[in-house]
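Q: Just model34.cif, nothing more (mmCIF, C-alpha atoms and all ligand atoms):
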data_model
loop_
_atom_site.label_atom_id
_atom_site.label_comp_id
_atom_site.auth_asym_id
_atom_site.auth_seq_id
_atom_site.Cartn_x
_atom_site.Cartn_y
_atom_site.Cartn_z
CA MET V 1 103.21 104.94 93.49
CA LYS V 2 106.38 103.05 94.29
CA ILE V 3 107.06 102.56 97.99
CA LYS V 4 110.68 103.65 97.52
CA ASP V 5 109.30 107.02 96.31
CA ILE V 6 107.00 107.29 99.34
CA TYR V 7 110.12 106.90 101.49
CA MET V 8 111.86 109.68 99.58
CA GLN V 9 108.89 112.03 99.98
CA LYS V 10 108.56 111.32 103.68
CA LYS V 11 112.28 111.79 104.23
CA GLU V 12 111.99 115.30 102.83
CA SER V 13 109.18 116.09 105.27
CA LYS V 14 111.18 114.41 108.09
CA LYS V 15 108.31 112.06 108.95
CA PRO V 16 108.40 108.27 109.11
CA VAL V 17 106.53 106.19 106.57
CA PHE V 18 103.61 104.68 108.47
CA SER V 19 102.15 101.43 107.17
CA PHE V 20 99.96 98.49 108.16
CA GLU V 21 100.12 94.77 107.59
CA ILE V 22 96.99 92.67 107.22
CA PHE V 23 96.46 89.02 106.38
CA PRO V 24 93.78 87.45 104.17
CA PRO V 25 90.97 85.63 106.00
CA ASN V 26 91.38 81.86 105.82
CA SER V 27 89.40 79.94 103.22
CA LYS V 28 86.60 79.11 105.71
CA HIS V 29 85.67 82.79 105.83
CA PRO V 30 84.38 84.88 102.93
CA ILE V 31 86.88 87.38 101.59
CA ASP V 32 84.47 90.22 102.43
CA THR V 33 85.33 89.88 106.11
CA ILE V 34 88.59 91.70 105.44
CA TYR V 35 86.90 94.49 103.49
CA ASN V 36 85.34 95.97 106.64
CA THR V 37 88.79 95.94 108.20
CA ILE V 38 90.30 97.78 105.22
CA ASP V 39 87.42 100.24 105.32
CA GLU V 40 88.32 101.15 108.89
CA LEU V 41 92.10 101.06 108.41
CA SER V 42 91.85 103.40 105.43
CA LYS V 43 90.50 106.11 107.77
CA PHE V 44 93.88 106.22 109.54
CA ASN V 45 95.59 107.34 106.31
CA PRO V 46 98.45 104.86 106.21
CA ASP V 47 101.14 105.42 103.58
CA PHE V 48 100.63 101.85 102.41
CA ILE V 49 99.05 98.57 103.48
CA SER V 50 100.78 95.24 102.99
CA VAL V 51 98.98 91.93 102.52
CA THR V 52 100.65 88.68 103.58
CA TYR V 53 100.95 85.64 101.34
CA GLY V 54 99.90 82.34 102.91
CA ALA V 55 102.79 79.92 102.96
CA GLY V 56 100.38 77.00 103.13
CA GLY V 57 98.75 77.96 99.85
CA SER V 58 95.09 78.20 100.82
CA THR V 59 94.84 81.99 100.88
CA ARG V 60 97.43 82.81 98.21
CA GLY V 61 94.95 83.87 95.55
CA ARG V 62 93.42 86.28 98.02
CA THR V 63 96.60 88.32 98.42
CA VAL V 64 96.33 89.80 94.93
CA GLU V 65 92.59 90.36 95.28
CA ILE V 66 92.94 92.20 98.60
CA ALA V 67 96.00 94.20 97.53
CA SER V 68 94.09 95.21 94.42
CA ARG V 69 91.12 96.42 96.43
CA ILE V 70 93.36 98.52 98.69
CA LYS V 71 94.96 100.16 95.68
CA ASN V 72 92.03 100.53 93.32
CA LYS V 73 89.12 101.21 95.67
CA TYR V 74 90.84 103.20 98.43
CA ASN V 75 93.65 104.65 96.40
CA ILE V 76 96.10 103.58 99.11
CA GLU V 77 99.35 102.04 97.97
CA SER V 78 99.45 98.32 98.52
CA LEU V 79 102.37 96.00 99.04
CA ALA V 80 101.75 92.39 98.04
CA HIS V 81 103.89 89.84 99.91
CA LEU V 82 105.17 87.01 97.71
CA THR V 83 107.09 83.92 98.82
CA CYS V 84 109.14 81.72 96.52
CA ILE V 85 109.78 78.61 98.60
CA GLU V 86 108.67 75.50 96.66
CA ALA V 87 107.48 77.75 93.81
CA LYS V 88 108.06 77.16 90.12
CA LYS V 89 108.88 80.04 87.81
CA ASN V 90 105.58 79.73 85.94
CA GLU V 91 103.62 80.06 89.22
CA ILE V 92 105.54 83.21 90.10
CA ASP V 93 104.95 84.53 86.55
CA ASP V 94 101.23 83.98 87.00
CA ILE V 95 101.17 86.12 90.12
CA LEU V 96 103.39 88.82 88.65
CA TYR V 97 101.03 89.20 85.68
CA LYS V 98 98.00 89.35 87.98
CA LEU V 99 99.68 92.01 90.12
CA LYS V 100 100.51 94.01 87.00
CA GLU V 101 96.95 93.68 85.64
CA ASN V 102 95.68 95.01 88.96
CA ASN V 103 97.96 98.02 88.93
CA ILE V 104 99.98 96.86 91.94
CA GLU V 105 103.48 98.30 91.89
CA ASN V 106 105.09 96.95 95.05
CA ILE V 107 106.11 93.46 96.13
CA LEU V 108 107.66 92.26 99.40
CA ALA V 109 109.89 89.49 98.02
CA LEU V 110 110.29 86.69 100.55
CA ARG V 111 111.54 83.17 100.70
CA GLY V 112 108.95 81.76 103.13
CA ASP V 113 109.56 79.12 105.80
CA HIS V 114 110.53 75.51 105.16
CA PRO V 115 107.68 73.09 105.92
CA ILE V 116 108.03 71.40 109.31
CA ASP V 117 105.48 68.60 108.91
CA ARG V 118 106.44 67.11 105.52
CA GLU V 119 109.21 66.75 102.97
CA PRO V 120 109.88 69.98 101.03
CA ILE V 121 108.90 70.18 97.37
CA LYS V 122 111.76 71.22 95.07
CA GLY V 123 111.12 74.65 93.66
CA ASP V 124 113.03 76.97 91.34
CA PHE V 125 114.25 79.38 94.05
CA ASN V 126 116.41 78.97 97.15
CA TYR V 127 116.35 82.43 98.71
CA ALA V 128 114.46 85.69 98.60
CA SER V 129 117.40 87.16 96.68
CA ASP V 130 116.75 84.63 93.86
CA LEU V 131 113.17 85.87 93.66
CA ILE V 132 114.39 89.47 93.59
CA THR V 133 116.81 88.72 90.73
CA TYR V 134 114.10 86.85 88.85
CA ILE V 135 111.56 89.68 89.14
CA LYS V 136 114.16 92.34 88.29
CA ASN V 137 115.14 90.45 85.15
CA LYS V 138 111.53 90.46 83.99
CA ASN V 139 111.65 94.28 83.73
CA MET V 140 108.06 94.65 84.90
CA ASP V 141 108.78 97.81 86.86
CA PHE V 142 107.92 96.62 90.37
CA SER V 143 109.40 98.23 93.46
CA LEU V 144 110.75 95.39 95.60
CA GLY V 145 111.18 95.18 99.35
CA GLY V 146 112.70 92.51 101.57
CA ALA V 147 112.56 91.26 105.16
CA TYR V 148 115.24 91.71 107.82
CA TYR V 149 115.78 90.30 111.28
CA PRO V 150 117.12 92.60 114.04
CA GLU V 151 117.92 89.51 116.15
CA GLY V 152 119.35 87.64 113.14
CA HIS V 153 117.50 85.01 111.12
CA PHE V 154 117.29 81.76 113.07
CA GLU V 155 118.83 79.61 110.32
CA THR V 156 122.06 81.59 109.92
CA ASN V 157 124.69 83.08 112.19
CA ASP V 158 124.40 86.83 112.63
CA LEU V 159 127.34 87.82 110.47
CA MET V 160 126.34 85.68 107.49
CA ASP V 161 122.77 86.93 107.82
CA LEU V 162 124.05 90.50 107.54
CA PHE V 163 126.02 89.67 104.40
CA ASN V 164 122.97 87.90 102.97
CA LEU V 165 120.89 90.99 103.69
CA LYS V 166 123.45 93.14 101.90
CA ARG V 167 123.29 90.80 98.92
CA LYS V 168 119.49 91.06 98.89
CA VAL V 169 119.74 94.85 98.76
CA ASP V 170 122.53 94.86 96.17
CA LEU V 171 120.37 92.66 93.96
CA GLY V 172 117.38 94.98 94.12
CA ALA V 173 115.52 95.24 97.46
CA GLU V 174 114.73 98.96 97.70
CA PHE V 175 113.31 99.01 101.23
CA LEU V 176 113.33 96.62 104.19
CA ILE V 177 110.76 95.66 106.81
CA SER V 178 111.72 93.99 110.06
CA GLN V 179 110.59 90.91 111.86
CA ILE V 180 108.84 91.74 115.14
CA PHE V 181 111.09 92.60 118.08
CA LEU V 182 110.40 93.82 121.61
CA ASP V 183 113.61 95.62 122.50
CA ASN V 184 114.43 98.70 120.43
CA GLU V 185 118.08 98.60 121.50
CA ILE V 186 118.46 95.38 119.49
CA LEU V 187 117.34 97.19 116.36
CA TYR V 188 119.63 100.16 117.04
CA ARG V 189 122.64 97.87 117.39
CA PHE V 190 121.65 96.01 114.22
CA LYS V 191 121.37 99.30 112.33
CA GLU V 192 124.91 100.30 113.38
CA LYS V 193 126.13 97.13 111.69
CA THR V 194 124.11 97.59 108.50
CA ASP V 195 125.34 101.20 108.28
CA LYS V 196 128.92 99.95 108.48
CA LEU V 197 128.18 97.49 105.68
CA GLY V 198 126.76 100.32 103.56
CA ILE V 199 123.18 99.03 103.41
CA ASN V 200 121.60 102.32 102.51
CA VAL V 201 117.93 101.60 101.81
CA PRO V 202 115.04 102.64 104.11
CA PHE V 203 114.47 100.40 107.12
CA ALA V 204 110.99 100.03 108.62
CA ALA V 205 110.45 98.63 112.11
CA GLY V 206 107.76 95.96 112.31
CA ILE V 207 105.80 96.48 115.53
CA ILE V 208 103.26 94.11 116.97
CA PRO V 209 100.86 95.09 119.75
CA VAL V 210 100.59 92.12 122.10
CA THR V 211 96.96 91.78 123.06
CA ASN V 212 96.47 88.09 123.71
CA ALA V 213 98.88 85.83 125.63
CA LYS V 214 98.10 82.55 123.85
CA GLN V 215 98.22 83.99 120.34
CA MET V 216 101.42 85.84 121.17
CA LYS V 217 103.26 82.78 122.43
CA ARG V 218 102.59 81.16 119.05
CA ILE V 219 103.70 84.23 117.13
CA PHE V 220 106.86 84.70 119.20
CA SER V 221 107.79 81.08 118.69
CA LEU V 222 107.17 81.19 114.91
CA SER V 223 109.05 84.46 114.49
CA HIS V 224 111.89 83.51 116.87
CA CYS V 225 111.47 86.89 118.58
CA SER V 226 112.99 86.94 122.06
CA ILE V 227 110.96 88.21 125.00
CA SER V 228 112.68 91.19 126.62
CA PRO V 229 112.89 91.27 130.46
CA LYS V 230 110.65 94.36 130.44
CA PHE V 231 108.01 92.58 128.39
CA LYS V 232 108.31 89.37 130.39
CA ARG V 233 107.33 91.28 133.53
CA ILE V 234 104.16 92.39 131.76
CA LEU V 235 103.38 88.86 130.55
CA ASP V 236 104.00 87.37 133.99
CA LYS V 237 101.78 89.90 135.70
CA TYR V 238 98.89 90.09 133.23
CA GLU V 239 98.91 86.75 131.40
CA HIS V 240 95.64 85.77 133.09
CA ASN V 241 94.05 89.21 132.97
CA PRO V 242 93.17 89.68 129.28
CA GLU V 243 91.93 93.27 129.58
CA ALA V 244 95.01 94.41 131.48
CA LEU V 245 97.34 92.56 129.10
CA LYS V 246 95.67 94.21 126.12
CA GLU V 247 96.05 97.66 127.68
CA ALA V 248 99.68 97.03 128.60
CA GLY V 249 100.44 95.51 125.17
CA ILE V 250 99.06 98.54 123.35
CA ALA V 251 100.97 100.92 125.63
CA TYR V 252 104.18 98.91 125.11
CA ALA V 253 103.87 99.02 121.29
CA THR V 254 103.05 102.74 121.42
CA GLU V 255 106.11 103.42 123.55
CA GLN V 256 108.27 101.39 121.17
CA ILE V 257 107.03 103.46 118.21
CA ILE V 258 107.60 106.80 119.95
CA ASP V 259 111.16 105.83 120.80
CA LEU V 260 111.88 104.50 117.27
CA VAL V 261 110.61 107.66 115.63
CA ALA V 262 112.60 109.86 118.02
CA TRP V 263 115.66 107.75 117.15
CA GLY V 264 115.05 108.39 113.44
CA ILE V 265 113.70 105.13 112.00
CA ASP V 266 112.59 105.47 108.36
CA GLY V 267 109.31 103.63 108.75
CA ILE V 268 106.89 102.05 111.21
CA HIS V 269 105.09 98.97 109.93
CA LEU V 270 102.30 98.00 112.29
CA TYR V 271 101.33 94.32 112.32
CA THR V 272 97.63 95.04 112.84
CA MET V 273 96.58 91.38 113.12
CA ASN V 274 93.45 92.72 111.38
CA LYS V 275 92.39 94.36 114.68
CA ILE V 276 90.74 97.73 114.30
CA ASP V 277 90.34 98.73 117.96
CA THR V 278 93.95 98.11 118.82
CA THR V 279 95.14 99.96 115.72
CA ARG V 280 92.82 102.88 116.45
CA LYS V 281 94.17 103.26 119.99
CA ILE V 282 97.78 103.25 118.82
CA VAL V 283 97.16 105.66 115.96
CA LYS V 284 95.35 108.06 118.27
CA ASP V 285 98.34 108.17 120.63
CA ILE V 286 100.94 108.78 117.93
CA GLU V 287 98.89 111.04 115.66
CA TYR V 288 101.31 113.99 115.79
CA ILE V 289 104.36 111.80 115.80
CA ILE V 290 103.66 110.12 112.49
CA LYS V 291 101.81 112.82 110.54
P1 LIG A 301 115.90 85.02 102.87
O1 LIG A 301 116.28 86.44 102.72
O2 LIG A 301 116.05 84.13 101.70
O3 LIG A 301 116.74 84.44 104.09
C1 LIG A 301 116.44 83.15 104.62
C2 LIG A 301 117.69 82.56 105.29
O4 LIG A 301 118.65 82.20 104.29
C3 LIG A 301 118.41 83.56 106.20
O5 LIG A 301 118.95 82.82 107.26
C4 LIG A 301 119.52 84.12 105.32
O6 LIG A 301 120.63 84.59 106.07
C5 LIG A 301 119.87 82.90 104.48
N1 LIG A 301 120.35 83.24 103.13
C6 LIG A 301 119.88 84.19 102.30
N2 LIG A 301 120.54 84.18 101.13
C7 LIG A 301 121.45 83.17 101.23
C8 LIG A 301 122.45 82.63 100.33
N3 LIG A 301 122.62 83.12 99.10
N4 LIG A 301 123.21 81.59 100.76
C9 LIG A 301 123.04 81.06 102.01
N5 LIG A 301 122.12 81.54 102.89
C10 LIG A 301 121.34 82.56 102.50
N6 LIG A 301 106.22 84.38 105.35
C11 LIG A 301 105.17 83.99 104.58
O7 LIG A 301 105.03 82.79 104.31
N7 LIG A 301 104.28 84.91 104.06
C12 LIG A 301 104.40 86.24 104.29
O8 LIG A 301 103.59 87.04 103.82
C13 LIG A 301 105.49 86.68 105.11
N8 LIG A 301 105.68 88.00 105.36
C14 LIG A 301 106.77 88.41 106.08
C15 LIG A 301 106.97 89.78 106.28
C16 LIG A 301 108.07 90.22 107.03
C17 LIG A 301 108.29 91.71 107.21
C18 LIG A 301 108.97 89.27 107.61
C19 LIG A 301 110.12 89.74 108.44
C20 LIG A 301 108.77 87.92 107.41
C21 LIG A 301 107.68 87.47 106.64
N9 LIG A 301 107.46 86.11 106.39
C22 LIG A 301 106.40 85.70 105.62
C23 LIG A 301 108.33 85.10 107.01
C24 LIG A 301 109.55 84.74 106.10
O9 LIG A 301 109.11 84.07 104.96
C25 LIG A 301 110.49 83.88 106.94
O10 LIG A 301 111.04 84.62 107.97
C26 LIG A 301 111.56 83.10 106.18
O11 LIG A 301 112.17 82.17 107.09
C27 LIG A 301 112.70 83.94 105.60
O12 LIG A 301 112.28 84.71 104.57
P2 LIG A 301 113.28 85.81 103.91
O13 LIG A 301 112.57 86.39 102.77
O14 LIG A 301 113.82 86.69 104.95
O15 LIG A 301 114.43 84.81 103.38
#
Just give me the structure of the file as structure tokens.
Ligand code: FAD

A:
Amino acid sequence: MKIKDIYMQKKESKKPVFSFEIFPPNSKHPIDTIYNTIDELSKFNPDFISVTYGAGGSTRGRTVEIASRIKNKYNIESLAHLTCIEAKKNEIDDILYKLKENNIENILALRGDHPIDREPIKGDFNYASDLITYIKNKNMDFSLGGAYYPEGHFETNDLMDLFNLKRKVDLGAEFLISQIFLDNEILYRFKEKTDKLGINVPFAAGIIPVTNAKQMKRIFSLSHCSISPKFKRILDKYEHNPEALKEAGIAYATEQIIDLVAWGIDGIHLYTMNKIDTTRKIVKDIEYIIK
């Protein structure tokens, strides 16, 4: 099923679309390690599960394999991430055919990040919108989504980023998933602006439960997510108390979700970090809110 149609169905029942993100294990680990995770996640009945696409290349082949398993073994819709930075058209074609062969109907079309430790390789695409146009023109009947940044994308000023997002939607992104953020008010203000611009596709909020201070500092720096004063107090107090930080991080994410759903967000996309326990705790506390 197309994710845009899941959004339509859920809108009728006035419930948010509830989805998970997972990432493929790195090449040092057998692919099976993620299958136990999917086994457990499937029990929480998500509307779809997305699988990231490794920018570095080493786990790229695994995205299709894992997305295929989600769809064909568990009968849960899967969303395969696909980046186009440094990619040639024939490489993208290869993946599109594999996705089609595996019955996968949904792609999160992304640009990917520029390399920071070497010269970039010239590819055939500059932006996610180029990838969207390319896939659309192939008429392969994929439902395409795109990324958005409630705090603005770090490379572009806020206004231009909004216009670029509008272009991405006008060219074919049918639903949007956000970068992580810790202050819901930022997303609400962003949404006022996208409404004014007439960006009328479903918006999902990407929520990350912070459970580990070191890992989180890396993720916040890579994603350019700012640390809200409320969250900073938690980090300052519990940074060296892993159990307490985990508990507070889960409660914080849960509270964010409850507020977003009450506000009327179209979807909640939980960055699970492949962690079952954390996901289980959150799902248990929002059971009646999302279903
Ligand atoms: P774009 O939409 O192309 O935007 C990139 C920048 O270019 C923005 O500043 C935008 O304003 C600007 N821009 C866009 N179009 C134009 C134009 N025509 N002219 C001038 N400027 C323009 N990365 C991975 O490697 N693998 C993943 O699986 C992955 N999954 C992600 C999932 C989500 C939900 C999110 C939010 C991000 C994900 N990323 C992933 C990270 C993403 O690749 C980076 O954030 C990247 O820097 C931007 O990707 P994009 O698709 O948003 O790019």

Q: To one decimal place, how far is CA of Thr254 (chain V) from CA of Ala204 (chain V) in Å?

A: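 Spanning CA of Thr254 (chain V) to CA of Ala204 (chain V) is a straight-line distance of 15.3 Å.
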
Q: Would you mind telling me which residue in V:Ile268, V:Ile31, V:Leu222, V:Ile116 lies nearest to Ala205 (chain V) when using only C-alpha atoms?

A: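 Of the candidates, the smallest distance to Ala205 (chain V) is held by V:Ile268.
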
Q: How would you report the residues lying within 8 Å of ligand LIG 301 (chain A), as a PyMOL selection string, if you count only C-alpha atoms and all ligand atoms?

A: chain V and resi 23+51-56+81-83+108-114+126-130+146-149+152-158+160-165+167-168+176-180+206+223

Q: So which residues touch Lys122 (chain V) within 8 Å, counting only C-alpha atoms, skipping near sequence neighbours fewer than 2 positions away, as a PDB file with C-alpha atoms, keeping the file's coordinate frame?

A:
ATOM      1  CA  GLU V  86     108.670  75.500  96.660  1.00  0.00           C
ATOM      2  CA  ALA V  87     107.480  77.750  93.810  1.00  0.00           C
ATOM      3  CA  PRO V 120     109.880  69.980 101.030  1.00  0.00           C
ATOM      4  CA  ASP V 124     113.030  76.970  91.340  1.00  0.00           C
TER       5      ASP V 124
END

Q: By how many Å are CA of Tyr271 (chain V) and CA of Val169 (chain V) apart?

A: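 Taking CA of Tyr271 (chain V) as the start and CA of Val169 (chain V) as the end point, the length is 22.9 Å.
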
Q: At what distance in Å, to one decimal, does CA of Lys275 (chain V) lie from CA of Glu243 (chain V)?

A: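 That distance, rounded to one decimal, is 14.9 Å.
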
Q: Hey, which of V:Asp195, V:Glu151, V:Asp141, V:Glu105 ends up closest to Phe181 (chain V)? Count all atoms listed in the file.

A: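 Closest to Phe181 (chain V), using all atoms listed in the file: V:Glu151.
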
Q: So which residues touch Gly267 (chain V) within 9 Å, counting only C-alpha atoms, skipping near sequence neighbours fewer than 3 positions away, as a list in words?

A: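 After dropping sequence-adjacent residues, the list is Tyr7, Lys15, Pro16, Val17, Phe18, Ser19, Ile177, Pro202, Phe203, Ala204, Ala205, Gly206, Leu260, Val261 and Gly264 of chain V.
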
Q: Which residues are close to Asn75 (chain V), i.e. within 12 Å by all atoms listed in the file, leaving aside same-chain residues fewer than 6 positions away? Reply as a PDB file with C-alpha atoms, in the frame of the given file.

A:
ATOM      1  CA  MET V   1     103.210 104.940  93.490  1.00  0.00           C
ATOM      2  CA  ILE V  38      90.300  97.780 105.220  1.00  0.00           C
ATOM      3  CA  ASP V  39      87.420 100.240 105.320  1.00  0.00           C
ATOM      4  CA  SER V  42      91.850 103.400 105.430  1.00  0.00           C
ATOM      5  CA  LYS V  43      90.500 106.110 107.770  1.00  0.00           C
ATOM      6  CA  ASN V  45      95.590 107.340 106.310  1.00  0.00           C
ATOM      7  CA  PRO V  46      98.450 104.860 106.210  1.00  0.00           C
ATOM      8  CA  ASP V  47     101.140 105.420 103.580  1.00  0.00           C
ATOM      9  CA  PHE V  48     100.630 101.850 102.410  1.00  0.00           C
ATOM     10  CA  ILE V  49      99.050  98.570 103.480  1.00  0.00           C
ATOM     11  CA  ALA V  67      96.000  94.200  97.530  1.00  0.00           C
ATOM     12  CA  SER V  68      94.090  95.210  94.420  1.00  0.00           C
ATOM     13  CA  ARG V  69      91.120  96.420  96.430  1.00  0.00           C
ATOM     14  CA  ASN V 103      97.960  98.020  88.930  1.00  0.00           C
ATOM     15  CA  ILE V 104      99.980  96.860  91.940  1.00  0.00           C
TER      16      ILE V 104
END

Q: Find the residue from V:Asn106, V:Ser228, V:Thr63, V:Thr133 that sits nearest to Tyr252 (chain V); use only C-alpha atoms when measuring.

A: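 Among the listed residues, V:Ser228 lies closest to Tyr252 (chain V).
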
Q: For each of V:Thr59, V:Lys246, V:Lys2, V:Lys14, take the minimum atom-to-atom distance to Lys28 (chain V), counting all atoms listed in the file, then give the residue where this is smallest.

A: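 Smallest distance to Lys28 (chain V) is found for V:Thr59.
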
Q: Point out the residue among V:Ser27, V:Ser226, V:Thr33, V:Thr211 with the least atom-to-atom distance to Asp277 (chain V), counting all atoms listed in the file.

A: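 Ranking V:Ser27, V:Ser226, V:Thr33, V:Thr211 by distance to Asp277 (chain V), first place goes to V:Thr211.
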
Q: Between V:Pro115, V:Pro25, V:Ile199, V:Ile70, single out the one closest to Glu40 (chain V), counting only C-alpha atoms.

A: V:Ile70

Q: Please, which residues are within 12 Å of (100.6, 102.4, 124.4) by the file's coordinates, counting all atoms listed in the file, and could they come as a ChimeraX atom specification?

A: /V:207-211,245-259,278-286

Q: How would region 108-134 of chain V read, as a PDB file, in the coordinates of the input, once N, CA and C atoms are built in?

A:
ATOM      1  N   LEU V 108     106.707  92.641  98.354  1.00  0.00           N
ATOM      2  CA  LEU V 108     107.660  92.260  99.400  1.00  0.00           C
ATOM      3  C   LEU V 108     108.140  90.850  99.042  1.00  0.00           C
ATOM      4  N   ALA V 109     109.365  90.763  98.545  1.00  0.00           N
ATOM      5  CA  ALA V 109     109.890  89.490  98.020  1.00  0.00           C
ATOM      6  C   ALA V 109     110.492  88.673  99.156  1.00  0.00           C
ATOM      7  N   LEU V 110     109.920  87.512  99.387  1.00  0.00           N
ATOM      8  CA  LEU V 110     110.290  86.690 100.550  1.00  0.00           C
ATOM      9  C   LEU V 110     110.598  85.262 100.113  1.00  0.00           C
ATOM     10  N   ARG V 111     111.335  84.588 100.971  1.00  0.00           N
ATOM     11  CA  ARG V 111     111.540  83.170 100.700  1.00  0.00           C
ATOM     12  C   ARG V 111     110.380  82.346 101.239  1.00  0.00           C
ATOM     13  N   GLY V 112     109.939  82.628 102.472  1.00  0.00           N
ATOM     14  CA  GLY V 112     108.950  81.760 103.130  1.00  0.00           C
ATOM     15  C   GLY V 112     109.686  80.751 104.011  1.00  0.00           C
ATOM     16  N   ASP V 113     108.947  80.089 104.885  1.00  0.00           N
ATOM     17  CA  ASP V 113     109.560  79.120 105.800  1.00  0.00           C
ATOM     18  C   ASP V 113     109.528  77.717 105.213  1.00  0.00           C
ATOM     19  N   HIS V 114     110.528  76.921 105.566  1.00  0.00           N
ATOM     20  CA  HIS V 114     110.530  75.510 105.160  1.00  0.00           C
ATOM     21  C   HIS V 114     109.403  74.782 105.890  1.00  0.00           C
ATOM     22  N   PRO V 115     108.747  73.825 105.218  1.00  0.00           N
ATOM     23  CA  PRO V 115     107.680  73.090 105.920  1.00  0.00           C
ATOM     24  C   PRO V 115     108.268  72.275 107.079  1.00  0.00           C
ATOM     25  N   ILE V 116     107.506  72.172 108.165  1.00  0.00           N
ATOM     26  CA  ILE V 116     108.030  71.400 109.310  1.00  0.00           C
ATOM     27  C   ILE V 116     107.366  70.029 109.431  1.00  0.00           C
ATOM     28  N   ASP V 117     106.251  69.829 108.716  1.00  0.00           N
ATOM     29  CA  ASP V 117     105.480  68.600 108.910  1.00  0.00           C
ATOM     30  C   ASP V 117     105.517  67.653 107.706  1.00  0.00           C
ATOM     31  N   ARG V 118     106.364  67.973 106.709  1.00  0.00           N
ATOM     32  CA  ARG V 118     106.440  67.110 105.520  1.00  0.00           C
ATOM     33  C   ARG V 118     107.741  67.397 104.781  1.00  0.00           C
ATOM     34  N   GLU V 119     108.019  66.543 103.791  1.00  0.00           N
ATOM     35  CA  GLU V 119     109.210  66.750 102.970  1.00  0.00           C
ATOM     36  C   GLU V 119     109.010  67.984 102.083  1.00  0.00           C
ATOM     37  N   PRO V 120     110.052  68.812 101.903  1.00  0.00           N
ATOM     38  CA  PRO V 120     109.880  69.980 101.030  1.00  0.00           C
ATOM     39  C   PRO V 120     109.740  69.583  99.554  1.00  0.00           C
ATOM     40  N   ILE V 121     109.029  70.399  98.818  1.00  0.00           N
ATOM     41  CA  ILE V 121     108.900  70.180  97.370  1.00  0.00           C
ATOM     42  C   ILE V 121     110.010  71.010  96.709  1.00  0.00           C
ATOM     43  N   LYS V 122     110.665  70.465  95.715  1.00  0.00           N
ATOM     44  CA  LYS V 122     111.760  71.220  95.070  1.00  0.00           C
ATOM     45  C   LYS V 122     111.170  72.317  94.187  1.00  0.00           C
ATOM     46  N   GLY V 123     111.582  73.522  94.474  1.00  0.00           N
ATOM     47  CA  GLY V 123     111.120  74.650  93.660  1.00  0.00           C
ATOM     48  C   GLY V 123     112.258  75.226  92.843  1.00  0.00           C
ATOM     49  N   ASP V 124     112.012  76.355  92.198  1.00  0.00           N
ATOM     50  CA  ASP V 124     113.030  76.970  91.340  1.00  0.00           C
ATOM     51  C   ASP V 124     113.848  78.048  92.058  1.00  0.00           C
ATOM     52  N   PHE V 125     113.563  78.291  93.338  1.00  0.00           N
ATOM     53  CA  PHE V 125     114.250  79.380  94.050  1.00  0.00           C
ATOM     54  C   PHE V 125     114.750  78.871  95.407  1.00  0.00           C
ATOM     55  N   ASN V 126     115.899  79.351  95.823  1.00  0.00           N
ATOM     56  CA  ASN V 126     116.410  78.970  97.150  1.00  0.00           C
ATOM     57  C   ASN V 126     116.208  80.059  98.180  1.00  0.00           C
ATOM     58  N   TYR V 127     116.373  81.310  97.767  1.00  0.00           N
ATOM     59  CA  TYR V 127     116.350  82.430  98.710  1.00  0.00           C
ATOM     60  C   TYR V 127     115.545  83.586  98.137  1.00  0.00           C
ATOM     61  N   ALA V 128     115.193  84.503  99.043  1.00  0.00           N
ATOM     62  CA  ALA V 128     114.460  85.690  98.600  1.00  0.00           C
ATOM     63  C   ALA V 128     115.255  86.439  97.524  1.00  0.00           C
ATOM     64  N   SER V 129     116.581  86.425  97.664  1.00  0.00           N
ATOM     65  CA  SER V 129     117.400  87.160  96.680  1.00  0.00           C
ATOM     66  C   SER V 129     117.244  86.550  95.277  1.00  0.00           C
ATOM     67  N   ASP V 130     116.991  85.234  95.189  1.00  0.00           N
ATOM     68  CA  ASP V 130     116.750  84.630  93.860  1.00  0.00           C
ATOM     69  C   ASP V 130     115.452  85.169  93.256  1.00  0.00           C
ATOM     70  N   LEU V 131     114.453  85.341  94.134  1.00  0.00           N
ATOM     71  CA  LEU V 131     113.170  85.870  93.660  1.00  0.00           C
ATOM     72  C   LEU V 131     113.359  87.326  93.181  1.00  0.00           C
ATOM     73  N   ILE V 132     114.150  88.068  93.949  1.00  0.00           N
ATOM     74  CA  ILE V 132     114.390  89.470  93.590  1.00  0.00           C
ATOM     75  C   ILE V 132     115.071  89.544  92.214  1.00  0.00           C
ATOM     76  N   THR V 133     116.105  88.727  92.024  1.00  0.00           N
ATOM     77  CA  THR V 133     116.810  88.720  90.730  1.00  0.00           C
ATOM     78  C   THR V 133     115.843  88.336  89.613  1.00  0.00           C
ATOM     79  N   TYR V 134     115.035  87.326  89.880  1.00  0.00           N
ATOM     80  CA  TYR V 134     114.100  86.850  88.850  1.00  0.00           C
ATOM     81  C   TYR V 134     113.122  87.953  88.441  1.00  0.00           C
TER      82      TYR V 134
END
